[in-house]
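Data file: work.txt. Format and content: compact mmCIF, C-alpha atoms and all ligand atoms.
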```
# COMPACT_ATOMS: atom_id res chain seq x y z
CA MET A 13 6.84 10.71 -3.81
CA SER A 14 4.91 11.57 -6.92
CA VAL A 15 1.16 11.72 -6.75
CA HIS A 16 -0.84 8.87 -8.29
CA VAL A 17 -4.62 8.93 -8.08
CA ARG A 18 -7.37 6.89 -9.62
CA PHE A 19 -10.91 7.32 -10.81
CA ALA A 20 -12.73 4.05 -10.24
CA PRO A 21 -16.29 4.04 -11.57
CA SER A 22 -18.50 0.98 -11.37
CA PRO A 23 -19.89 0.19 -14.83
CA THR A 24 -23.53 0.54 -13.84
CA GLY A 25 -24.61 3.23 -16.33
CA SER A 26 -23.74 6.60 -17.79
CA LEU A 27 -21.72 8.89 -15.46
CA HIS A 28 -23.77 10.70 -12.86
CA LEU A 29 -22.70 14.20 -11.92
CA GLY A 30 -21.37 12.98 -8.59
CA SER A 31 -19.03 10.57 -10.38
CA ALA A 32 -18.08 13.24 -12.90
CA LEU A 33 -17.09 15.42 -9.95
CA THR A 34 -14.93 12.60 -8.57
CA ALA A 35 -13.24 12.20 -11.95
CA LEU A 36 -12.63 15.92 -12.27
CA LEU A 37 -11.23 16.33 -8.76
CA ASN A 38 -8.82 13.45 -9.34
CA ARG A 39 -7.75 15.00 -12.65
CA LEU A 40 -7.27 18.46 -11.12
CA PHE A 41 -5.36 17.04 -8.18
CA ALA A 42 -3.04 14.97 -10.40
CA SER A 43 -2.42 17.82 -12.83
CA LYS A 44 -1.85 20.37 -10.09
CA ARG A 45 0.68 18.15 -8.34
CA GLY A 46 2.41 16.94 -11.50
CA GLY A 47 1.12 13.41 -10.88
CA THR A 48 -0.80 10.84 -12.87
CA MET A 49 -4.29 9.38 -12.87
CA LEU A 50 -5.35 5.79 -13.38
CA LEU A 51 -8.75 4.87 -14.76
CA ARG A 52 -10.00 1.71 -13.10
CA ILE A 53 -13.26 -0.04 -13.86
CA ASP A 54 -14.70 -1.59 -10.68
CA ASP A 55 -16.50 -4.48 -12.34
CA THR A 56 -16.13 -7.30 -9.82
CA ASP A 57 -19.83 -7.30 -9.05
CA ALA A 58 -21.11 -9.05 -12.18
CA GLU A 59 -24.77 -8.64 -11.22
CA ARG A 60 -24.44 -4.86 -11.14
CA THR A 61 -22.37 -4.54 -14.31
CA VAL A 62 -24.44 -3.13 -17.16
CA SER A 63 -23.36 -3.96 -20.68
CA GLY A 64 -22.28 -0.86 -22.57
CA ALA A 65 -21.80 1.12 -19.37
CA GLU A 66 -18.02 1.09 -19.57
CA SER A 67 -17.95 2.55 -23.06
CA ALA A 68 -20.60 5.11 -22.03
CA ILE A 69 -18.39 6.19 -19.12
CA LEU A 70 -15.33 6.48 -21.37
CA ALA A 71 -17.37 8.51 -23.85
CA ASP A 72 -18.66 10.79 -21.07
CA LEU A 73 -15.13 11.40 -19.79
CA GLY A 74 -13.96 12.11 -23.34
CA TRP A 75 -16.82 14.55 -23.87
CA LEU A 76 -15.98 16.35 -20.62
CA GLY A 77 -12.32 16.51 -21.63
CA ILE A 78 -11.20 14.63 -18.52
CA GLY A 79 -8.23 12.51 -19.58
CA TRP A 80 -6.36 9.77 -17.72
CA ASP A 81 -2.76 8.59 -17.90
CA GLU A 82 -3.03 4.89 -17.23
CA GLY A 83 -5.68 2.24 -17.87
CA PRO A 84 -8.51 1.51 -18.13
CA VAL A 85 -7.71 -1.41 -15.84
CA ARG A 86 -10.58 -3.80 -15.12
CA GLN A 87 -10.78 -5.21 -11.61
CA SER A 88 -12.33 -8.39 -13.00
CA ALA A 89 -8.99 -9.14 -14.70
CA ARG A 90 -7.21 -9.14 -11.34
CA ILE A 91 -9.33 -11.52 -9.29
CA GLU A 92 -6.52 -14.07 -8.92
CA ARG A 93 -4.26 -11.39 -7.51
CA HIS A 94 -6.98 -10.24 -5.09
CA VAL A 95 -7.39 -13.81 -3.77
CA GLU A 96 -3.63 -14.31 -3.54
CA ALA A 97 -3.33 -11.11 -1.49
CA ALA A 98 -6.20 -12.24 0.74
CA ASN A 99 -4.39 -15.49 1.47
CA ALA A 100 -1.28 -13.52 2.42
CA ALA A 101 -3.08 -10.97 4.63
CA GLU A 102 -2.88 -10.89 8.39
CA HIS A 103 -5.90 -11.11 10.72
CA THR A 104 -8.02 -13.25 8.39
CA THR A 105 -10.51 -15.86 9.56
CA ILE A 106 -12.78 -18.24 7.72
CA ARG A 107 -16.39 -18.13 8.84
CA GLU A 108 -19.42 -19.67 7.18
CA GLY A 109 -17.30 -20.36 4.10
CA ALA A 110 -16.20 -16.76 3.52
CA LEU A 111 -12.84 -15.18 4.29
CA TYR A 112 -13.09 -12.31 6.77
CA LEU A 113 -10.64 -9.65 7.79
CA SER A 114 -10.85 -9.21 11.56
CA ALA A 115 -8.38 -6.39 12.03
CA PRO A 116 -8.08 -4.38 15.24
CA GLY A 117 -10.42 -1.41 15.47
CA VAL A 118 -12.87 -2.31 12.70
CA ARG A 119 -15.81 -4.69 12.46
CA PRO A 120 -14.90 -7.97 10.74
CA PHE A 121 -15.76 -7.81 7.05
CA VAL A 122 -15.81 -10.29 4.17
CA ILE A 123 -12.88 -9.98 1.77
CA VAL A 124 -13.43 -13.14 -0.31
CA ARG A 125 -16.92 -14.63 -0.65
CA GLY A 126 -17.67 -18.31 -0.28
CA ASP A 127 -17.71 -18.70 -4.08
CA GLY A 128 -14.15 -17.35 -4.32
CA ARG A 129 -15.02 -13.83 -5.51
CA PRO A 130 -13.28 -10.93 -3.76
CA THR A 131 -15.52 -8.17 -2.40
CA TYR A 132 -15.38 -4.55 -3.56
CA HIS A 133 -13.67 -3.53 -0.30
CA TRP A 134 -10.87 -6.00 -0.80
CA ALA A 135 -10.37 -5.59 -4.55
CA THR A 136 -10.11 -1.84 -4.02
CA VAL A 137 -7.48 -2.15 -1.30
CA VAL A 138 -5.34 -4.57 -3.30
CA ASP A 139 -5.57 -2.49 -6.47
CA ASP A 140 -4.88 0.80 -4.71
CA LEU A 141 -1.84 -0.83 -3.13
CA ASP A 142 -0.53 -2.54 -6.27
CA PHE A 143 -0.97 0.54 -8.44
CA GLY A 144 0.77 2.77 -5.91
CA ILE A 145 -2.21 5.04 -5.33
CA THR A 146 -1.11 7.86 -3.03
CA HIS A 147 -4.45 9.66 -2.60
CA VAL A 148 -7.93 8.19 -2.77
CA ILE A 149 -10.30 10.97 -3.79
CA ARG A 150 -13.95 9.90 -3.95
CA GLY A 151 -17.46 10.86 -2.93
CA GLY A 152 -18.54 11.28 0.66
CA ASP A 153 -20.75 8.21 0.30
CA HIS A 154 -17.53 6.22 0.74
CA ARG A 155 -16.46 7.95 3.94
CA ALA A 156 -17.63 5.03 6.05
CA ASN A 157 -15.30 2.73 4.08
CA GLU A 158 -12.15 4.61 4.98
CA ASP A 159 -11.46 2.66 8.19
CA LEU A 160 -12.10 -0.68 6.50
CA HIS A 161 -9.80 0.16 3.60
CA ALA A 162 -7.08 1.49 5.90
CA ALA A 163 -7.30 -1.73 7.92
CA GLY A 164 -6.97 -3.69 4.66
CA PHE A 165 -3.74 -1.87 3.80
CA ARG A 166 -2.31 -2.55 7.24
CA ALA A 167 -3.27 -6.22 7.00
CA LEU A 168 -1.03 -6.33 3.93
CA GLY A 169 1.80 -4.64 5.81
CA ALA A 170 1.36 -1.32 3.98
CA GLU A 171 0.55 2.24 4.98
CA PRO A 172 -2.85 3.42 3.70
CA PRO A 173 -2.99 6.24 1.16
CA GLU A 174 -4.47 9.59 2.07
CA PHE A 175 -8.28 9.62 1.79
CA ILE A 176 -10.15 12.69 0.62
CA HIS A 177 -13.93 12.41 0.58
CA HIS A 178 -15.64 15.15 -1.36
CA ALA A 179 -19.16 16.54 -1.34
CA VAL A 180 -22.04 14.42 -2.49
CA VAL A 181 -23.88 16.10 -5.35
CA LEU A 182 -27.60 16.58 -4.83
CA GLY A 183 -30.04 17.64 -7.51
CA ALA A 184 -31.35 21.17 -7.07
CA ASP A 185 -34.82 20.55 -8.46
CA GLY A 186 -36.91 18.09 -10.42
CA LYS A 187 -34.95 18.81 -13.58
CA LEU A 188 -31.46 18.15 -12.33
CA SER A 189 -32.43 15.60 -9.76
CA LYS A 190 -33.16 12.02 -10.52
CA ARG A 191 -33.88 8.97 -8.49
CA GLU A 192 -30.37 8.85 -7.11
CA GLY A 193 -30.13 12.54 -6.45
CA ASP A 194 -28.39 13.84 -9.52
CA ALA A 195 -28.62 13.96 -13.28
CA SER A 196 -26.23 12.19 -15.58
CA VAL A 197 -23.62 13.75 -17.82
CA ALA A 198 -25.53 12.28 -20.78
CA ASP A 199 -28.69 14.15 -19.71
CA LEU A 200 -26.87 17.46 -19.65
CA ARG A 201 -25.26 16.73 -23.01
CA ALA A 202 -28.69 15.95 -24.50
CA ALA A 203 -30.09 19.15 -22.99
CA GLY A 204 -27.52 21.11 -25.00
CA TYR A 205 -25.08 22.17 -22.30
CA PRO A 206 -21.52 22.40 -23.63
CA PRO A 207 -18.96 20.27 -21.76
CA GLN A 208 -16.96 23.35 -20.79
CA ALA A 209 -19.93 24.61 -18.76
CA VAL A 210 -20.45 21.28 -17.00
CA VAL A 211 -16.76 21.03 -16.10
CA ASN A 212 -16.73 24.66 -14.98
CA MET A 213 -19.73 24.14 -12.73
CA LEU A 214 -18.26 21.01 -11.17
CA GLY A 215 -14.88 22.68 -10.85
CA LEU A 216 -16.39 25.51 -8.84
CA VAL A 217 -17.42 22.94 -6.23
CA ALA A 218 -13.72 22.54 -5.56
CA SER A 219 -13.26 26.21 -4.79
CA SER A 220 -15.44 28.66 -2.99
CA GLY A 221 -14.72 31.42 -5.51
CA PRO A 222 -17.40 33.28 -7.42
CA GLY A 223 -19.00 31.75 -10.50
CA GLU A 224 -16.30 32.67 -12.92
CA VAL A 225 -15.87 31.32 -16.41
CA LEU A 226 -12.94 28.94 -16.18
CA ASP A 227 -11.53 26.36 -18.54
CA MET A 228 -9.71 23.20 -17.51
CA ASP A 229 -6.26 24.85 -17.35
CA GLU A 230 -7.61 27.67 -15.21
CA LEU A 231 -9.34 25.18 -12.94
CA VAL A 232 -6.03 23.35 -12.49
CA ALA A 233 -4.24 26.60 -11.74
CA ARG A 234 -6.79 27.57 -9.10
CA PHE A 235 -7.21 24.11 -7.61
CA ASP A 236 -6.60 23.84 -3.89
CA PRO A 237 -7.38 20.46 -2.28
CA GLU A 238 -7.96 22.23 1.04
CA ARG A 239 -10.98 23.94 -0.48
CA ILE A 240 -12.76 20.85 -1.79
CA ALA A 241 -16.33 20.97 -0.53
CA ARG A 242 -16.92 18.14 1.94
CA GLY A 243 -20.59 18.50 2.80
CA ASP A 244 -23.48 18.05 0.38
CA VAL A 245 -23.66 20.39 -2.59
CA ARG A 246 -26.66 21.32 -4.65
CA LEU A 247 -26.00 22.18 -8.23
CA ASP A 248 -27.79 25.32 -9.23
CA PRO A 249 -29.47 24.99 -12.66
CA ALA A 250 -29.49 28.78 -13.09
CA ARG A 251 -25.74 28.89 -12.58
CA LEU A 252 -25.25 26.08 -15.09
CA ARG A 253 -27.38 27.97 -17.61
CA SER A 254 -25.44 31.17 -17.20
CA LEU A 255 -22.06 29.40 -17.36
CA SER A 256 -23.32 27.64 -20.45
CA ALA A 257 -24.21 30.94 -22.15
CA MET A 258 -20.81 32.37 -21.25
CA HIS A 259 -18.93 29.35 -22.61
CA LEU A 260 -20.99 29.34 -25.82
CA ALA A 261 -20.19 33.03 -26.25
CA ARG A 262 -16.49 32.19 -25.98
CA LEU A 263 -16.49 29.60 -28.77
CA GLY A 264 -14.97 30.44 -32.12
CA SER A 265 -17.38 30.29 -35.06
CA ALA A 266 -16.15 26.93 -36.35
CA GLU A 267 -16.41 25.35 -32.88
CA LEU A 268 -19.84 26.83 -32.33
CA VAL A 269 -21.15 25.52 -35.66
CA GLU A 270 -19.74 22.08 -34.92
CA ALA A 271 -21.42 22.08 -31.50
CA VAL A 272 -24.81 23.33 -32.73
CA LEU A 273 -25.18 21.18 -35.86
CA PRO A 274 -25.97 17.89 -34.07
CA PHE A 275 -28.94 19.65 -32.45
CA CYS A 276 -30.27 20.94 -35.78
CA GLY A 277 -32.60 19.16 -38.17
CA PRO A 278 -31.05 16.74 -40.66
CA GLY A 279 -29.51 18.43 -43.66
CA THR A 280 -29.06 21.81 -41.99
CA PRO A 281 -26.28 23.48 -43.99
CA ALA A 282 -23.21 24.33 -41.90
CA ALA A 283 -22.72 27.54 -43.87
CA ALA A 284 -26.18 28.78 -42.88
CA VAL A 285 -25.41 28.11 -39.22
CA ALA A 286 -22.03 29.81 -39.56
CA ALA A 287 -23.71 32.92 -40.96
CA MET A 288 -25.80 33.11 -37.78
CA ALA A 289 -22.90 32.54 -35.39
CA PRO A 290 -22.96 36.02 -33.84
CA ALA A 291 -26.64 35.66 -32.95
CA LEU A 292 -26.17 32.09 -31.72
CA ARG A 293 -23.67 33.34 -29.15
CA GLY A 294 -26.60 34.78 -27.21
CA ALA A 295 -28.10 31.33 -26.60
CA HIS A 296 -27.99 29.64 -23.20
CA THR A 297 -27.82 26.10 -24.57
CA LEU A 298 -27.14 24.38 -27.87
CA VAL A 299 -30.80 23.37 -27.95
CA GLU A 300 -31.75 27.03 -27.79
CA ALA A 301 -29.20 27.85 -30.49
CA ALA A 302 -30.66 25.12 -32.71
CA GLU A 303 -34.16 26.55 -32.18
CA LEU A 304 -32.89 29.85 -33.44
CA VAL A 305 -31.42 28.15 -36.50
CA ALA A 306 -34.78 26.50 -37.15
CA CYS A 307 -36.63 29.82 -36.78
CA VAL A 308 -34.44 31.33 -39.45
CA LEU A 309 -34.24 28.41 -41.86
CA ASP A 310 -37.88 27.29 -41.70
CA THR A 311 -40.00 29.76 -43.58
CA PRO A 312 -43.17 30.37 -41.55
CA SER A 313 -45.95 28.17 -42.92
CA GLU A 314 -48.54 30.91 -42.45
CA ARG A 315 -47.81 34.53 -43.17
CA ALA A 316 -48.56 37.12 -40.51
CA THR A 317 -47.35 40.30 -42.10
CA LEU A 318 -46.23 43.40 -40.27
CA PRO A 319 -45.41 46.01 -42.95
CA GLU A 320 -44.20 48.58 -40.44
CA LEU A 321 -41.50 46.19 -39.29
CA ALA A 322 -40.53 45.44 -42.88
CA ASP A 323 -40.18 49.17 -43.60
CA LEU A 324 -37.97 49.72 -40.58
CA ARG A 325 -35.83 46.71 -41.33
CA ARG A 326 -35.31 47.73 -44.96
CA GLU A 327 -33.44 50.84 -43.83
CA LEU A 328 -30.84 48.89 -41.82
CA PRO A 329 -27.77 46.89 -42.87
CA GLU A 330 -27.96 43.33 -44.26
CA HIS A 331 -26.80 41.86 -40.92
CA LEU A 332 -27.48 43.28 -37.46
CA ASP A 333 -25.06 42.66 -34.64
CA GLU A 334 -26.37 42.13 -31.11
CA MET A 335 -26.37 45.82 -30.23
CA GLN A 336 -28.13 46.82 -33.42
CA ALA A 337 -30.66 44.03 -33.05
CA ARG A 338 -31.41 45.01 -29.45
CA ALA A 339 -31.77 48.64 -30.51
CA PHE A 340 -34.22 47.50 -33.19
CA VAL A 341 -36.33 45.74 -30.57
CA ASP A 342 -36.32 48.95 -28.50
CA GLU A 343 -37.46 50.85 -31.57
CA LEU A 344 -40.36 48.43 -32.09
CA ARG A 345 -41.36 48.94 -28.46
CA ARG A 346 -41.17 52.70 -28.80
CA ARG A 347 -43.48 52.54 -31.78
CA GLY A 348 -45.92 50.41 -29.86
CA ILE A 349 -45.47 47.45 -32.20
CA PRO A 350 -46.27 44.35 -30.13
CA LEU A 351 -43.17 42.17 -29.93
CA ARG A 352 -45.41 39.13 -30.11
CA SER A 353 -46.60 40.25 -33.55
CA ALA A 354 -43.01 40.87 -34.62
CA ARG A 355 -42.05 37.37 -33.56
CA LEU A 356 -45.05 35.89 -35.34
CA ALA A 357 -44.26 37.77 -38.54
CA LEU A 358 -40.59 36.77 -38.51
CA THR A 359 -40.84 33.17 -37.32
CA GLY A 360 -44.45 32.09 -37.62
CA ARG A 361 -44.30 31.17 -33.94
CA THR A 362 -45.48 32.80 -30.76
CA THR A 363 -42.61 31.56 -28.61
CA GLY A 364 -38.95 30.83 -29.21
CA PRO A 365 -35.55 32.42 -28.95
CA GLU A 366 -35.20 36.03 -27.89
CA LEU A 367 -36.44 38.46 -30.51
CA TRP A 368 -33.13 40.31 -30.81
CA ALA A 369 -31.41 37.01 -31.65
CA VAL A 370 -33.99 36.27 -34.34
CA LEU A 371 -33.38 39.73 -35.81
CA ALA A 372 -29.62 39.24 -35.67
CA ALA A 373 -29.86 35.83 -37.29
CA LEU A 374 -32.25 36.75 -40.15
CA PRO A 375 -30.59 38.60 -43.03
CA ARG A 376 -32.36 41.79 -44.06
CA ASP A 377 -33.95 40.51 -47.26
CA GLU A 378 -35.39 37.45 -45.60
CA ALA A 379 -36.75 39.45 -42.66
CA VAL A 380 -38.37 41.92 -45.06
CA ARG A 381 -39.81 39.10 -47.20
CA ARG A 382 -41.45 37.53 -44.15
CA ALA A 383 -42.86 40.71 -42.68
CA ALA A 384 -43.88 42.68 -45.80
N1 LIG B 1 -16.37 1.89 -7.66
C1 LIG B 1 -16.75 2.76 -6.58
C2 LIG B 1 -17.91 3.60 -6.97
O1 LIG B 1 -18.17 3.76 -8.14
C3 LIG B 1 -15.65 3.69 -6.16
C4 LIG B 1 -14.68 3.01 -5.33
C5 LIG B 1 -13.65 3.90 -4.71
O2 LIG B 1 -13.46 5.03 -5.19
O3 LIG B 1 -13.01 3.44 -3.80
O4 LIG B 1 -18.58 4.13 -6.12
```

Would you mind giving the structure from this file in structure tokens?
Ligand code: GLU
Amino acid sequence: MSVHVRFAPSPTGSLHLGSALTALLNRLFASKRGGTMLLRIDDTDAERTVSGAESAILADLGWLGIGWDEGPVRQSARIERHVEAANAAEHTTIREGALYLSAPGVRPFVIVRGDGRPTYHWATVVDDLDFGITHVIRGGDHRANEDLHAAGFRALGAEPPEFIHHAVVLGADGKLSKREGDASVADLRAAGYPPQAVVNMLGLVASSGPGEVLDMDELVARFDPERIARGDVRLDPARLRSLSAMHLARLGSAELVEAVLPFCGPGTPAAAVAAMAPALRGAHTLVEAAELVACVLDTPSERATLPELADLRRELPEHLDEMQARAFVDELRRRGIPLRSARLALTGRTTGPELWAVLAALPRDEAVRRAA
């Protein structure tokens, strides 16, 4: 039987990292097994549905590069079918106006409320059954629902799918952690992490291998459902940062420019960013890369000259690559020129991107003009 999985977010806001992990694991599982993935929007709970959340989730998935094969299907469009299935199920009883499933081995639970609305537990069972879902892969916070959902399948005369409950994602510190324990995909996007790094980090949760740089195809190739982490996982911001730097370094110039430009000030010329591409590849995030662009394009408002630096720079080629720029920094050190003064002369600032990157990004004439 071919594999059919689903990712079933509730439209309550932008994707949290835990949900992004669920989406990715379903995608990897389907791709690895030559199966398909359904996107289902669990919107039966009207009070919890947030307007705009569904399109935010779709946009987040698109940004991450996690595609689906079928859907989106909205549960709210299938309420009649959920009620029809409830009326046909075995072991149901009506109590206090609501329809309960009182199946052997599990506590009785409501499947259709007094006002005629199916519950999440029931809608999920009916949809998983009708759409032929073979494997339910979701966060460990749903582990306690497995018995209820399996009982629901049996009450409809069907065998339950296989349930795989993966690790719950916990924030590692104040920055990544939020009220509900993890940051959202949108937060990481705004912080300038490229999607490849976010997917890579989440993908590593599904394998206990070292922190290698992997793209989606490589993640699929390495994916082994047996190795999905089941306990809690903490995402390590340092690991995300280093994966981010490695993925940015891998981008072609055109891709890098396209990724950095939205983080730059309005009107930043693409050609100017392209000219700095080699230096930008040293950045850890797109925000950092954009800071470097700003350091180069914004002429310092106050001059803080450093003639010795200008003299040294004049002797070198128009553009410095990373090695040459790092060697230049070493030379400044050797000559006892304070790097802080060099930074101030070149950028008018006392903090900012690494000095070598500034040197690699500033063409010779501009560097000399600022420092002389
Ligand atoms: N809609 C549920 C959630 O977002 C997932 C339901 C499921 O995977 O069974 O937590």

Inset, instruction - Output the neighbourhood of ligand LIG 1 (chain B) as a ChimeraX atom specification, that is, all protein and nucleic acid residues with some atom at most 6 Å from the ligand, counting all atoms listed in the file. - result: /A:20-22,54,150

Keeping only C-alpha atoms, write the selected residues as a PDB file, keeping the file's coordinate frame.
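Output file again15.pdb follows:
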```
ATOM      1  CA  ALA A  20     -12.730   4.050 -10.240  1.00  0.00           C
ATOM      2  CA  PRO A  21     -16.290   4.040 -11.570  1.00  0.00           C
ATOM      3  CA  SER A  22     -18.500   0.980 -11.370  1.00  0.00           C
ATOM      4  CA  ASP A  54     -14.700  -1.590 -10.680  1.00  0.00           C
ATOM      5  CA  ARG A 150     -13.950   9.900  -3.950  1.00  0.00           C
TER       6      ARG A 150
END
```

Legend entry - A:Met13, A:Leu231, A:Ala316, A:Val122 ranked by distance to Thr146 of chain A, top pick (using all atoms listed in the file): A:Met13

Inset, instruction - Would you mind reading off the distance between atom CA of Ile176 of chain A and atom CA of Asp159 of chain A, one decimal, in Å? - result: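 That distance, rounded to one decimal, is 12.6 Å.
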
Legend entry - Atom-to-atom span, atom CA of Ser88 of chain A and atom CA of Val124 of chain A, Å: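 Atom-to-atom, atom CA of Ser88 of chain A and atom CA of Val124 of chain A are spaced 13.6 Å apart.
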
Inset, instruction - Go through A:Ser26, A:Thr105, A:Asn38, A:Gln336 one by one, measure the shortest atom-to-atom distance of each to Ala71 of chain A using all atoms listed in the file, and give the residue with the smallest value. - result: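 The shortest atom-to-atom distance to Ala71 of chain A comes from A:Ser26.
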
Inset, instruction - Using atom CA of Ala250 of chain A and atom CA of Ile149 of chain A as the two end points, give the distance in Å to one decimal. - result: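 For atom CA of Ala250 of chain A relative to atom CA of Ile149 of chain A, the distance reads 27.8 Å.
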
Legend entry - Option closest in space to Pro365 of chain A, from A:Glu327, A:Glu303, A:Glu174, A:Glu320 [counting all atoms listed in the file]: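 Closest to Pro365 of chain A of all the choices is A:Glu303.
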
Legend entry - Near-Leu37 of chain A list (9 Å; all atoms listed in the file; drop same-chain fewer than 5 positions) as a list in words: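 Here the answer would be Ala32, Ala42, Ile149, Arg150, His178, Leu214, Gly215, Ala218, Phe235, Pro237 and Ile240 of chain A.
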
Inset, instruction - Find, counting all atoms listed in the file, the residue in A:Gly128, A:Pro350, A:Gly83, A:Gly164 that gets nearest to Ala100 of chain A. - result: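 Between A:Gly128, A:Pro350, A:Gly83, A:Gly164, the residue approaching Ala100 of chain A most closely is A:Gly164.
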
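Of the residues listed (A:Asp342, A:Glu108, A:Glu96, A:Asp153), A:Glu96 shows the shortest atom-to-atom separation from Ala135 of chain A; distances use only C-alpha atoms.
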
Inset, instruction - Starting from the point (-16.4, 31.9, -13.3), work out which residues of protein, DNA or RNA have an atom no more than 12 Å away when counting only C-alpha atoms; state them as a PyMOL selection string. - result: chain A and resi 208-217+219-228+230-231+234+251-252+254-259

Inset, instruction - Can you work out which one of A:Ile145, A:Leu70, A:Ala322, A:Leu371 has the shortest atom-to-atom distance to Met335 of chain A, counting only C-alpha atoms? - result: A:Leu371

Legend entry - Surrounding residues of segment 167-171 of chain A excluding itself and chain neighbours under 6 positions, 8 Å, all atoms listed in the file, as a list in words: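 My list of contacting residues is Ala97, Ala100, Ala101, Glu102, His103, Ala115 and Leu141 of chain A.
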
Legend entry - Residue contacts of segment 374-384 of chain A (8 Å, only C-alpha atoms) excluding same-chain residues fewer than 3 positions away, as a PyMOL selection string: chain A and resi 288+308+311-312+315-323+325-326+328-332+357-358+370-371

Write to file, as a compact mmCIF listing (two decimals), keeping the file's coordinate frame, the residues of the selection just made, with C-alpha atoms.
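That gives us out.txt:
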```txt
# COMPACT_ATOMS: atom_id res chain seq x y z
CA MET A 288 -25.80 33.11 -37.78
CA VAL A 308 -34.44 31.33 -39.45
CA THR A 311 -40.00 29.76 -43.58
CA PRO A 312 -43.17 30.37 -41.55
CA ARG A 315 -47.81 34.53 -43.17
CA ALA A 316 -48.56 37.12 -40.51
CA THR A 317 -47.35 40.30 -42.10
CA LEU A 318 -46.23 43.40 -40.27
CA PRO A 319 -45.41 46.01 -42.95
CA GLU A 320 -44.20 48.58 -40.44
CA LEU A 321 -41.50 46.19 -39.29
CA ALA A 322 -40.53 45.44 -42.88
CA ASP A 323 -40.18 49.17 -43.60
CA ARG A 325 -35.83 46.71 -41.33
CA ARG A 326 -35.31 47.73 -44.96
CA LEU A 328 -30.84 48.89 -41.82
CA PRO A 329 -27.77 46.89 -42.87
CA GLU A 330 -27.96 43.33 -44.26
CA HIS A 331 -26.80 41.86 -40.92
CA LEU A 332 -27.48 43.28 -37.46
CA ALA A 357 -44.26 37.77 -38.54
CA LEU A 358 -40.59 36.77 -38.51
CA VAL A 370 -33.99 36.27 -34.34
CA LEU A 371 -33.38 39.73 -35.81
```

Legend entry - Long-range neighbours of Gly79 of chain A as a PyMOL selection string, 10 Å cut-off, all atoms listed in the file, 2 positions minimum in chain: chain A and resi 35-36+39+49-51+70+73-77+81-82
